[in-house]
Amino acid sequence: MAQGVAVIGNSGPKVRSDIEVNLEITRSGGIVINLKSKVKSMYGHAIEKQCLDILSFYGIKNAILNIDDSGALPFVISARMEAAIRAITGDKKELLPMMLPENMYVSEAHRFRFSRLYLPGNNPGMFINAGLHNPDGVILDLEDSVAPPKKDEARILVRNALRAVDFYGAERMVRINQGERGFDDLDCVIPQNVHLILVPKCETAKSLKAVDDHIEKLRVKHQIKSPVFLMPIIESTLGVENAFEIAKASPNVVALAIGLEDYTADLGVPRTREGNESVYARNRLVVAAKAAGIQPIDSVFSDVGDMEGLLNNVTSSKAMGFEGMGCIHPRQVPVIKQGFAPSPDEIEKAKKIVLAFRKATEEGLGVVSLGTKMIDPPVVARADKTILLAVKLGLIPEDWSEEKITE
């Protein structure tokens, strides 16, 4: 058995729902556990037993284990212990927590993606209640929010979270790293019923196709029947120029997102509140996504305390053609959903268009009109989408056509 020391996890006064394990594998002396925890009197025995079981699973008979616990759940303890053992021994054997039955739902290519809540991949305290905020999707992030030395342990933590945390129906997303590390991320998370992979700093269709091909190999290997969707993130000038080719790189691409922090850095200009420096890129991305038949997704709004500014940003984003944006704090979720939801005037107009189309179809008319205006198929399709959205958001009942339409 290899010897060595590894320190994995997080501790400190502001840390919650996590654990720091300091593991030293020794030649002799048996297992010695030193536990520090505010809940030691209630759960100390359970924590120690779980750690002993994990050490036994990996065949470790001699070790000194110092634990600093801040209320970690079993899936977190398991992830931290596995990462520590791997760091010392190189053992790749996985210790998987039970997959919750609630986590076996599937997603759809054309589902609504108004709000996607970013969750730093090495911060379990932010995972546990994320689904209660009702975002359309949760993003377990392995890229920018995780420091390079922490990425390997974050990968195991995210894997466990996908199995053990109930996200209450939110689309289950993971943002992977770039290059070979990203492929390692895929190997770990794809078998855990991931719905969508965010591909950061995507610049070419070729690089995205390589990710897609790797996912397909994993789907075959693990006999995964449901699709795994892709959302490339455009974060550079080259990516903007190649946006349409990227959007069409695979039928699994369901949305195209833009990351403005890296894009403006690539331009060599600061990102401003007004956003004039990114208008071209955002317009280009919307056009590329719409031309490819997928959803354009806007960048995050970084001032988590400015709800009025956020709503104004969402209103502007919606007017440009975007169909969602990222969230970096749970309080942004309802504001973003409100902003992207259809207004009462939009709903009433859509109702009239749909009813006029239905009437013309029933009467066998080749032309659809509303008042003095002719209605072409794209207008009807857009009205249908507005109605579907309003029904799904609970803004109108499913039997809305039986109600009296306001003139």
# chains A, B, ... in the order shown; residues from 1 in each chain; ligands from 1
$ select_by_dssp --residues "segment 104-315 of chain A" --states "strand (DSSP E)" --output "JSON, numbers by chain"
{"A": [115, 116, 117, 118, 119, 120, 137, 138, 139, 140, 141, 171, 172, 173, 174, 175, 196, 197, 198, 199, 229, 230, 231, 232, 233, 234, 255, 256, 257, 258, 295, 296, 297]}
$ residues_around --residues "segment 327-344 of chain A" --least-positions-apart "3" --cutoff "10 Å" --atoms "only C-alpha atoms" --output "PyMOL selection string"
chain A and resi 113-120+126+129-139+299-308+310-319+322-324+347-350+386-387+389-390+393+395-396
$ write_last_selection --atoms "C-alpha atoms" --output "mmCIF file, in the first residue's frame"
data_model
loop_
_atom_site.group_PDB
_atom_site.id
_atom_site.type_symbol
_atom_site.label_atom_id
_atom_site.label_comp_id
_atom_site.auth_asym_id
_atom_site.auth_seq_id
_atom_site.Cartn_x
_atom_site.Cartn_y
_atom_site.Cartn_z
ATOM 1 C CA ARG A 113 -33.934 27.472 -20.264
ATOM 2 C CA PHE A 114 -34.673 30.959 -18.924
ATOM 3 C CA SER A 115 -32.615 30.611 -15.759
ATOM 4 C CA ARG A 116 -29.545 28.452 -15.169
ATOM 5 C CA LEU A 117 -28.078 28.650 -11.677
ATOM 6 C CA TYR A 118 -24.281 28.302 -11.489
ATOM 7 C CA LEU A 119 -23.061 26.229 -8.538
ATOM 8 C CA PRO A 120 -19.287 26.170 -7.869
ATOM 9 C CA MET A 126 -24.486 25.558 -2.493
ATOM 10 C CA ASN A 129 -30.968 23.480 -1.617
ATOM 11 C CA ALA A 130 -30.342 24.726 -5.160
ATOM 12 C CA GLY A 131 -33.419 23.010 -6.596
ATOM 13 C CA LEU A 132 -35.698 24.714 -4.073
ATOM 14 C CA HIS A 133 -35.072 28.058 -5.831
ATOM 15 C CA ASN A 134 -36.802 26.605 -8.904
ATOM 16 C CA PRO A 135 -34.248 27.437 -11.618
ATOM 17 C CA ASP A 136 -34.850 25.916 -15.033
ATOM 18 C CA GLY A 137 -31.399 24.358 -14.779
ATOM 19 C CA VAL A 138 -28.565 23.905 -12.294
ATOM 20 C CA ILE A 139 -24.972 24.126 -13.524
ATOM 21 C CA SER A 299 -24.341 36.052 -20.262
ATOM 22 C CA VAL A 300 -24.706 36.452 -16.498
ATOM 23 C CA PHE A 301 -25.482 39.750 -14.745
ATOM 24 C CA SER A 302 -22.733 40.090 -12.168
ATOM 25 C CA ASP A 303 -24.237 42.618 -9.690
ATOM 26 C CA VAL A 304 -26.231 40.297 -7.428
ATOM 27 C CA GLY A 305 -27.550 43.207 -5.352
ATOM 28 C CA ASP A 306 -29.089 45.190 -8.233
ATOM 29 C CA MET A 307 -32.440 43.581 -8.972
ATOM 30 C CA GLU A 308 -33.744 46.567 -10.949
ATOM 31 C CA LEU A 310 -31.025 42.810 -13.589
ATOM 32 C CA LEU A 311 -34.634 43.171 -14.755
ATOM 33 C CA ASN A 312 -33.648 45.937 -17.166
ATOM 34 C CA ASN A 313 -30.867 43.705 -18.467
ATOM 35 C CA VAL A 314 -33.285 40.804 -18.967
ATOM 36 C CA THR A 315 -35.768 43.058 -20.778
ATOM 37 C CA SER A 316 -33.019 44.216 -23.127
ATOM 38 C CA SER A 317 -31.802 40.657 -23.598
ATOM 39 C CA LYS A 318 -35.281 39.400 -24.465
ATOM 40 C CA ALA A 319 -35.724 42.251 -26.965
ATOM 41 C CA PHE A 322 -32.220 35.798 -26.213
ATOM 42 C CA GLU A 323 -34.243 33.082 -24.513
ATOM 43 C CA GLY A 324 -32.465 32.859 -21.170
ATOM 44 C CA ILE A 347 -50.299 36.653 -24.436
ATOM 45 C CA GLU A 348 -53.499 38.342 -25.602
ATOM 46 C CA LYS A 349 -52.046 39.014 -29.048
ATOM 47 C CA ALA A 350 -50.860 35.409 -29.328
ATOM 48 C CA THR A 386 -45.895 32.174 -26.576
ATOM 49 C CA ILE A 387 -49.078 30.311 -25.653
ATOM 50 C CA LEU A 389 -44.827 29.156 -22.583
ATOM 51 C CA ALA A 390 -47.687 30.972 -20.845
ATOM 52 C CA LEU A 393 -45.573 29.056 -16.532
ATOM 53 C CA LEU A 395 -50.016 32.342 -16.630
ATOM 54 C CA ILE A 396 -53.036 30.966 -18.500
#
$ atom_distance --atom1 "atom CA of Arg175 of chain A" --atom2 "atom CA of Arg155 of chain A"
10.7 Å
$ closest_atom_pairs --of "segment 201-255 of chain A" --to "segment 162-172 of chain A" --cutoff "12 Å" --atoms "only C-alpha atoms" --output "JSON lines"
{"residue": "A:Val228", "atom": "CA", "partner": "A:Arg172", "partner_atom": "CA", "distance": 10.3}
{"residue": "A:Phe229", "atom": "CA", "partner": "A:Arg172", "partner_atom": "CA", "distance": 10.4}
{"residue": "A:Leu230", "atom": "CA", "partner": "A:Arg172", "partner_atom": "CA", "distance": 11.8}
$ residues_around --residues "Leu267 of chain A" --least-positions-apart "5" --cutoff "9 Å" --atoms "only C-alpha atoms" --output "MDAnalysis selection string"
chainID A and resid 236:237 262 277
$ residues_around --residues "segment 220-227 of chain A" --least-positions-apart "4" --cutoff "8 Å" --atoms "only C-alpha atoms" --output "MDAnalysis selection string"
chainID A and resid 106 191 195 216 252
$ write_last_selection --atoms "N, CA and C atoms" --output "PDB file, in the first residue's frame"
ATOM      1  N   VAL A 106     -35.648  12.681 -17.297  1.00  0.00           N
ATOM      2  CA  VAL A 106     -34.937  13.069 -18.514  1.00  0.00           C
ATOM      3  C   VAL A 106     -35.287  14.503 -18.884  1.00  0.00           C
ATOM      4  N   PRO A 191     -22.082   9.145 -16.865  1.00  0.00           N
ATOM      5  CA  PRO A 191     -22.916   8.024 -16.387  1.00  0.00           C
ATOM      6  C   PRO A 191     -23.913   8.395 -15.293  1.00  0.00           C
ATOM      7  N   HIS A 195     -27.960  15.834 -18.047  1.00  0.00           N
ATOM      8  CA  HIS A 195     -28.809  16.190 -19.178  1.00  0.00           C
ATOM      9  C   HIS A 195     -28.079  17.029 -20.224  1.00  0.00           C
ATOM     10  N   GLU A 216     -20.678  10.329 -27.010  1.00  0.00           N
ATOM     11  CA  GLU A 216     -21.342   9.210 -27.669  1.00  0.00           C
ATOM     12  C   GLU A 216     -20.670   7.881 -27.324  1.00  0.00           C
ATOM     13  N   ASN A 252     -27.038  17.414 -31.165  1.00  0.00           N
ATOM     14  CA  ASN A 252     -27.177  17.493 -29.715  1.00  0.00           C
ATOM     15  C   ASN A 252     -27.007  18.914 -29.174  1.00  0.00           C
TER      16      ASN A 252
END
$ residues_around --residues "Leu208 of chain A" --least-positions-apart "5" --cutoff "9 Å" --atoms "only C-alpha atoms" --output "ChimeraX atom specification"
/A:199,202-203,213,230,232,246,249-250
$ write_last_selection --atoms "N, CA and C atoms" --output "mmCIF file, in the first residue's frame"
data_model
loop_
_atom_site.group_PDB
_atom_site.id
_atom_site.type_symbol
_atom_site.label_atom_id
_atom_site.label_comp_id
_atom_site.auth_asym_id
_atom_site.auth_seq_id
_atom_site.Cartn_x
_atom_site.Cartn_y
_atom_site.Cartn_z
ATOM 1 N N VAL A 199 -19.909 23.566 -22.742
ATOM 2 C CA VAL A 199 -18.539 23.493 -23.259
ATOM 3 C C VAL A 199 -17.962 24.901 -23.281
ATOM 4 N N CYS A 202 -15.627 27.773 -26.385
ATOM 5 C CA CYS A 202 -15.720 27.012 -27.629
ATOM 6 C C CYS A 202 -15.438 27.950 -28.810
ATOM 7 N N GLU A 203 -14.520 27.544 -29.666
ATOM 8 C CA GLU A 203 -14.118 28.416 -30.773
ATOM 9 C C GLU A 203 -14.314 27.803 -32.151
ATOM 10 N N ASP A 213 -18.385 13.506 -29.780
ATOM 11 C CA ASP A 213 -17.968 12.126 -30.090
ATOM 12 C C ASP A 213 -17.582 11.361 -28.829
ATOM 13 N N LEU A 230 -25.829 19.568 -25.615
ATOM 14 C CA LEU A 230 -24.649 20.425 -25.552
ATOM 15 C C LEU A 230 -25.047 21.892 -25.604
ATOM 16 N N PRO A 232 -22.563 24.968 -26.120
ATOM 17 C CA PRO A 232 -21.260 25.620 -26.220
ATOM 18 C C PRO A 232 -21.348 27.067 -25.752
ATOM 19 N N ILE A 246 -20.514 26.370 -35.161
ATOM 20 C CA ILE A 246 -20.547 25.700 -33.854
ATOM 21 C C ILE A 246 -21.967 25.244 -33.535
ATOM 22 N N ALA A 249 -22.807 22.071 -35.353
ATOM 23 C CA ALA A 249 -21.798 20.997 -35.283
ATOM 24 C C ALA A 249 -22.387 19.643 -34.938
ATOM 25 N N SER A 250 -23.495 19.618 -34.208
ATOM 26 C CA SER A 250 -24.099 18.358 -33.784
ATOM 27 C C SER A 250 -25.583 18.564 -33.530
#
$ atom_distance --atom1 "atom CA of Glu102 of chain A" --atom2 "atom CA of Asn193 of chain A"
11.3 Å
$ select_by_dssp --residues "segment 90-267 of chain A" --states "helix (DSSP H, G or I)" --output "PyMOL selection string"
chain A and resi 101-103+124-126+130-133+148-164+179-192+205-221+237-241+243-247+260-267
$ closest_residue --among "A:His110, A:Lys351, A:Lys373, A:Lys14" --to "Glu402 of chain A" --atoms "only C-alpha atoms"
A:Lys351
$ atom_distance --atom1 "atom CA of Ala381 of chain A" --atom2 "atom CA of Ala257 of chain A"
23.4 Å
$ closest_residue --among "A:Cys188, A:Asp376, A:Val254, A:Gly364" --to "Arg111 of chain A" --atoms "only C-alpha atoms"
A:Val254
$ residues_around --residues "Phe357 of chain A" --least-positions-apart "5" --cutoff "10 Å" --atoms "only C-alpha atoms" --output "count of residues only"
13
$ residues_around --residues "Gly179 of chain A" --least-positions-apart "2" --cutoff "12 Å" --atoms "only C-alpha atoms" --output "PyMOL selection string"
chain A and resi 143+176-177+181-186+199-202+207-208+210-211+214
